[in-house]
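Read the structure below first, then the notes.
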Amino acid sequence: MREIENPKTRERAPKKFVETIIKDDNTRRIFNDVFDGATIATVHELARKGHFTEVEFLVSVGKEGNVFRCKGGNNYYALKIYKIETSNFKHMQDYIVGDERFKNVRKSKLETVIAWTKKEFRNLSEFTKAGIRVPTPIAFKRNCLVMEFIGKDGEAAPTAKNKPFEEPEKQYKIMCEYMAKMVEAKIVHADLSEYNLLNNGEELVIIDCGQAVSTLHPKAQEFFERDVLNLSKWFSKLGVETNYEKMYSEIKKRKTKKAEN
Ligand SMILES: Nc1ncnc2c1ncn2[C@@H]1O[C@H](COP(=O)(O)OP(=O)(O)O)[C@@H](O)[C@H]1O
Ligand SMILES: [Mg+2]
């Protein structure tokens, strides 16, 4: 599968750079096969700016994008690259149009994916500022996002789906706290489930924030309710005594408690 929105940029893609920055043959093959020249040039630019020195290997292949582990000095970083040709940009538009932070987004595939990447960066920044544990955003450009790598000793943290928390009751309370903070920060994640929570050695980390919308978005309430429903069902399966109504009021209660102080 090749994505060449401008064949000229592929010609200009810095081939030598690809060889030096991607030492692993398989990763290099993925890069050359899946990404267009402009994307490769963007990764080059991010490396040139000093965000990392090596793209090591693929951590995850998703419908919308691929996540790679990168290295820079003694640190690891996560690089999420959104695919352009195969992106479900109609779906993306549903979460961009109506968010007053992203008013002037044009309708092309490329423009939509670029706006989405910027939106994920911005959501991660706003969540971090609000005290919600997400990967710390580091940089973004075009369809590439660099963020903190979540894992221990270089090994990516499993999702909460694959490694459920040992103390679900405790993590449930933390999750309610984070959702109350989201309400305060006026952003709805809009894709919360055990698939988008990482279990980083029993620390809960929320990921996949591209679709998160402002509470002014016309569907914000619907998205929020869906998030509460997904998570209340899952925590209840883990043995926490909760349901949709309980979790909803728990989140709202926390918000009010804070407001009263
Ligand atoms: N910052 C990160 N650190 C470590 N692993 C990550 C990070 N971000 C994403 N991942 C891994 O990549 C997978 C896909 O990322 P996600 O943001 O959920 O994208 P999508 O679901 O759209 O493919 C995650 O389930 C996780 O395994
Ligand atoms: Mg995900």
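Identifiers in the structure tokens: chain A, B, ... in order shown; residue index from 1 per chain; ligand index from 1 in order shown.
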
Taking only C-alpha atoms and all ligand atoms into account, which residues are within 10 Å of ligand 2, as a list in words?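 Going residue by residue within 10 Å of ligand 2, we get Ser60, Gly62, Lys63, Glu64, Gly65, Thr159, Asp191, Leu192, Ser193, Glu194, Tyr195, Asn196, Leu197, Leu198, Ile206, Ile207, Asp208, Cys209 and Gly210 of chain A.
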
Restricting it to N, CA and C atoms, dump the selection as a short mmCIF file (atom, residue, chain, number, x, y, z; two decimals), in the first residue's frame.
data_model
loop_
_atom_site.label_atom_id
_atom_site.label_comp_id
_atom_site.auth_asym_id
_atom_site.auth_seq_id
_atom_site.Cartn_x
_atom_site.Cartn_y
_atom_site.Cartn_z
N SER A 60 2.74 -0.68 17.45
CA SER A 60 1.34 -1.00 17.15
C SER A 60 0.95 -0.56 15.74
N GLY A 62 -2.30 0.41 13.71
CA GLY A 62 -3.73 0.70 13.89
C GLY A 62 -4.37 1.00 12.55
N LYS A 63 -5.69 1.17 12.58
CA LYS A 63 -6.41 1.51 11.36
C LYS A 63 -5.98 2.88 10.86
N GLU A 64 -5.85 3.80 11.82
CA GLU A 64 -5.57 5.19 11.46
C GLU A 64 -4.09 5.52 11.44
N GLY A 65 -3.35 4.82 12.27
CA GLY A 65 -1.94 5.17 12.34
C GLY A 65 -1.10 4.07 12.94
N THR A 159 -2.23 -2.71 27.33
CA THR A 159 -3.50 -2.02 27.55
C THR A 159 -4.16 -2.65 28.79
N ASP A 191 -13.49 8.37 23.41
CA ASP A 191 -13.20 6.99 23.00
C ASP A 191 -12.62 6.21 24.18
N LEU A 192 -13.21 6.41 25.34
CA LEU A 192 -12.68 5.75 26.54
C LEU A 192 -13.18 4.32 26.63
N SER A 193 -12.24 3.43 26.81
CA SER A 193 -12.54 2.02 27.07
C SER A 193 -11.24 1.39 27.54
N GLU A 194 -11.31 0.12 27.92
CA GLU A 194 -10.11 -0.60 28.39
C GLU A 194 -9.04 -0.70 27.30
N TYR A 195 -9.42 -0.44 26.04
CA TYR A 195 -8.45 -0.50 24.94
C TYR A 195 -7.58 0.76 24.90
N ASN A 196 -8.08 1.85 25.44
CA ASN A 196 -7.33 3.10 25.40
C ASN A 196 -6.83 3.54 26.79
N LEU A 197 -6.74 2.56 27.69
CA LEU A 197 -6.08 2.79 28.98
C LEU A 197 -4.88 1.88 29.00
N LEU A 198 -3.73 2.41 29.38
CA LEU A 198 -2.56 1.56 29.52
C LEU A 198 -2.36 1.25 31.00
N ILE A 206 -4.09 7.26 30.25
CA ILE A 206 -5.10 7.36 29.18
C ILE A 206 -4.40 7.72 27.87
N ILE A 207 -4.71 6.98 26.81
CA ILE A 207 -4.08 7.29 25.51
C ILE A 207 -5.14 7.55 24.44
N ASP A 208 -4.67 7.76 23.21
CA ASP A 208 -5.53 7.87 22.02
C ASP A 208 -6.49 9.06 22.14
N CYS A 209 -5.92 10.26 22.15
CA CYS A 209 -6.73 11.45 22.45
C CYS A 209 -7.07 12.30 21.23
N GLY A 210 -6.86 11.76 20.04
CA GLY A 210 -7.14 12.54 18.82
C GLY A 210 -8.59 12.96 18.69
#

Hey, what does DSSP flag as alpha helix (DSSP H) within region 5-221 of chain A? Can you give it to me as a PyMOL selection string? chain A and resi 7-12+15-21+25-34+37-48+89-94+109-129+168-185+220-221

Separation of CA of Gly151 (chain A) from CA of Asn32 (chain A) in Å: 27.0 Å

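If only C-alpha atoms are the atoms counted, then among A:Ala156, A:Asn75, A:Tyr82, A:Glu56 the closest residue to Arg142 (chain A) is A:Tyr82.
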
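Nearest to Met182 (chain A) of all the residues A:Ile21, A:Met92, A:Leu124, A:Val105 is A:Leu124, counting only C-alpha atoms.
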
Residue contacts of Ala47 (chain A) (10 Å, only C-alpha atoms) excluding same-chain residues fewer than 5 positions away, as a PyMOL selection string: chain A and resi 17+21+41-42+52-55+70+72

Can you pull out the residues contacting Lys181 (chain A)? Cut-off 8 Å, using only C-alpha atoms, and skip same-chain residues under 2 positions away; I want them as number ranges by chain. A: 130-132, 177-179, 183-185, 255

Emit the selected residues as an mmCIF file, in the first residue's frame, including N, CA and C atoms.
data_model
loop_
_atom_site.group_PDB
_atom_site.id
_atom_site.type_symbol
_atom_site.label_atom_id
_atom_site.label_comp_id
_atom_site.auth_asym_id
_atom_site.auth_seq_id
_atom_site.Cartn_x
_atom_site.Cartn_y
_atom_site.Cartn_z
ATOM 1 N N ALA A 130 -4.357 19.772 33.023
ATOM 2 C CA ALA A 130 -5.461 19.567 33.968
ATOM 3 C C ALA A 130 -5.148 18.483 35.008
ATOM 4 N N GLY A 131 -3.957 17.886 34.925
ATOM 5 C CA GLY A 131 -3.576 16.861 35.907
ATOM 6 C C GLY A 131 -4.116 15.477 35.587
ATOM 7 N N ILE A 132 -4.408 15.246 34.319
ATOM 8 C CA ILE A 132 -4.900 13.931 33.881
ATOM 9 C C ILE A 132 -3.706 13.188 33.288
ATOM 10 N N GLU A 177 -11.895 10.513 38.983
ATOM 11 C CA GLU A 177 -11.189 11.773 39.236
ATOM 12 C C GLU A 177 -10.744 12.405 37.899
ATOM 13 N N TYR A 178 -10.152 11.587 37.044
ATOM 14 C CA TYR A 178 -9.689 12.086 35.737
ATOM 15 C C TYR A 178 -10.859 12.576 34.887
ATOM 16 N N MET A 179 -11.964 11.850 34.940
ATOM 17 C CA MET A 179 -13.112 12.278 34.126
ATOM 18 C C MET A 179 -13.722 13.568 34.667
ATOM 19 N N VAL A 183 -14.094 17.118 32.658
ATOM 20 C CA VAL A 183 -15.291 17.967 32.629
ATOM 21 C C VAL A 183 -14.880 19.415 32.941
ATOM 22 N N GLU A 184 -14.032 19.554 33.954
ATOM 23 C CA GLU A 184 -13.554 20.892 34.320
ATOM 24 C C GLU A 184 -12.748 21.545 33.205
ATOM 25 N N ALA A 185 -11.920 20.718 32.533
ATOM 26 C CA ALA A 185 -11.092 21.242 31.440
ATOM 27 C C ALA A 185 -11.922 21.447 30.169
ATOM 28 N N LYS A 255 -16.745 16.816 40.804
ATOM 29 C CA LYS A 255 -16.624 18.137 40.212
ATOM 30 C C LYS A 255 -17.213 19.183 41.160
#

Neighbour list for region 93-97 of chain A as a compact mmCIF listing (two decimals) with C-alpha atoms, in the first residue's frame, cut-off 7 Å, only C-alpha atoms, skip fewer than 6 positions in-chain:
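File produced: selection23.txt:
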# COMPACT_ATOMS: atom_id res chain seq x y z
CA THR A 112 -8.13 16.56 7.99
CA GLN A 211 -10.92 12.38 18.86
CA VAL A 213 -13.73 17.19 21.66

What lies within 7 Å of region 216-232 of chain A using only C-alpha atoms, ignoring chain neighbours under 2 positions off, as a list in words?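 Skipping anything fewer than 2 positions along the chain leaves Gly98, Asp99, Val188, Ala190, Asp191, Leu192, Ser193, Val213, Ser214, Trp234, Phe235, Ser236, Thr242, Asn243, Tyr244, Met247 and Tyr248 of chain A.
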
Shell around region 136-140 of chain A at 9 Å using only C-alpha atoms, local window under 3 positions removed, as an mmCIF file with N, CA and C atoms, in the first residue's frame:
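Saved result, around-v5.cif, follows:
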data_model
loop_
_atom_site.group_PDB
_atom_site.id
_atom_site.type_symbol
_atom_site.label_atom_id
_atom_site.label_comp_id
_atom_site.auth_asym_id
_atom_site.auth_seq_id
_atom_site.Cartn_x
_atom_site.Cartn_y
_atom_site.Cartn_z
ATOM 1 N N LEU A 46 11.686 16.050 12.324
ATOM 2 C CA LEU A 46 11.554 15.896 13.781
ATOM 3 C C LEU A 46 12.863 15.388 14.391
ATOM 4 N N HIS A 51 14.396 15.599 18.440
ATOM 5 C CA HIS A 51 13.414 14.893 19.276
ATOM 6 C C HIS A 51 13.765 13.419 19.477
ATOM 7 N N TYR A 77 10.913 7.327 23.102
ATOM 8 C CA TYR A 77 9.768 8.176 22.765
ATOM 9 C C TYR A 77 8.800 7.364 21.922
ATOM 10 N N THR A 117 -3.899 15.399 13.908
ATOM 11 C CA THR A 117 -2.623 15.238 14.612
ATOM 12 C C THR A 117 -2.416 16.412 15.571
ATOM 13 N N LYS A 118 -2.693 17.605 15.067
ATOM 14 C CA LYS A 118 -2.576 18.815 15.889
ATOM 15 C C LYS A 118 -3.551 18.739 17.065
ATOM 16 N N GLU A 120 -4.743 16.012 18.492
ATOM 17 C CA GLU A 120 -4.288 15.055 19.497
ATOM 18 C C GLU A 120 -3.210 15.704 20.381
ATOM 19 N N PHE A 121 -2.307 16.438 19.744
ATOM 20 C CA PHE A 121 -1.254 17.120 20.513
ATOM 21 C C PHE A 121 -1.887 18.098 21.508
ATOM 22 N N ARG A 122 -2.817 18.873 21.014
ATOM 23 C CA ARG A 122 -3.463 19.879 21.855
ATOM 24 C C ARG A 122 -4.247 19.238 23.007
ATOM 25 N N LEU A 124 -3.649 16.313 24.372
ATOM 26 C CA LEU A 124 -2.675 15.782 25.335
ATOM 27 C C LEU A 124 -2.138 16.912 26.210
ATOM 28 N N SER A 125 -1.887 18.079 25.601
ATOM 29 C CA SER A 125 -1.373 19.224 26.368
ATOM 30 C C SER A 125 -2.406 19.689 27.388
ATOM 31 N N THR A 128 -2.792 17.138 30.191
ATOM 32 C CA THR A 128 -1.627 17.188 31.083
ATOM 33 C C THR A 128 -1.746 18.379 32.032
ATOM 34 N N ARG A 133 -3.501 11.937 33.710
ATOM 35 C CA ARG A 133 -2.300 11.214 33.265
ATOM 36 C C ARG A 133 -2.462 10.686 31.840
ATOM 37 N N ASN A 143 1.566 14.890 9.926
ATOM 38 C CA ASN A 143 0.799 13.753 10.438
ATOM 39 C C ASN A 143 1.585 12.941 11.474
ATOM 40 N N CYS A 144 2.593 13.551 12.076
ATOM 41 C CA CYS A 144 3.452 12.847 13.034
ATOM 42 C C CYS A 144 3.398 13.501 14.410
ATOM 43 N N LEU A 145 3.305 12.662 15.428
ATOM 44 C CA LEU A 145 3.219 13.149 16.801
ATOM 45 C C LEU A 145 4.261 12.425 17.659
ATOM 46 N N VAL A 146 5.072 13.203 18.372
ATOM 47 C CA VAL A 146 6.061 12.606 19.281
ATOM 48 C C VAL A 146 5.565 12.818 20.701
ATOM 49 N N MET A 147 5.583 11.751 21.482
ATOM 50 C CA MET A 147 5.129 11.866 22.875
ATOM 51 C C MET A 147 5.956 10.958 23.773
ATOM 52 N N GLU A 148 5.736 11.115 25.039
ATOM 53 C CA GLU A 148 6.379 10.240 26.028
ATOM 54 C C GLU A 148 6.051 8.774 25.716
ATOM 55 N N PHE A 149 7.054 7.927 25.826
ATOM 56 C CA PHE A 149 6.843 6.496 25.644
ATOM 57 C C PHE A 149 6.392 5.916 26.981
#
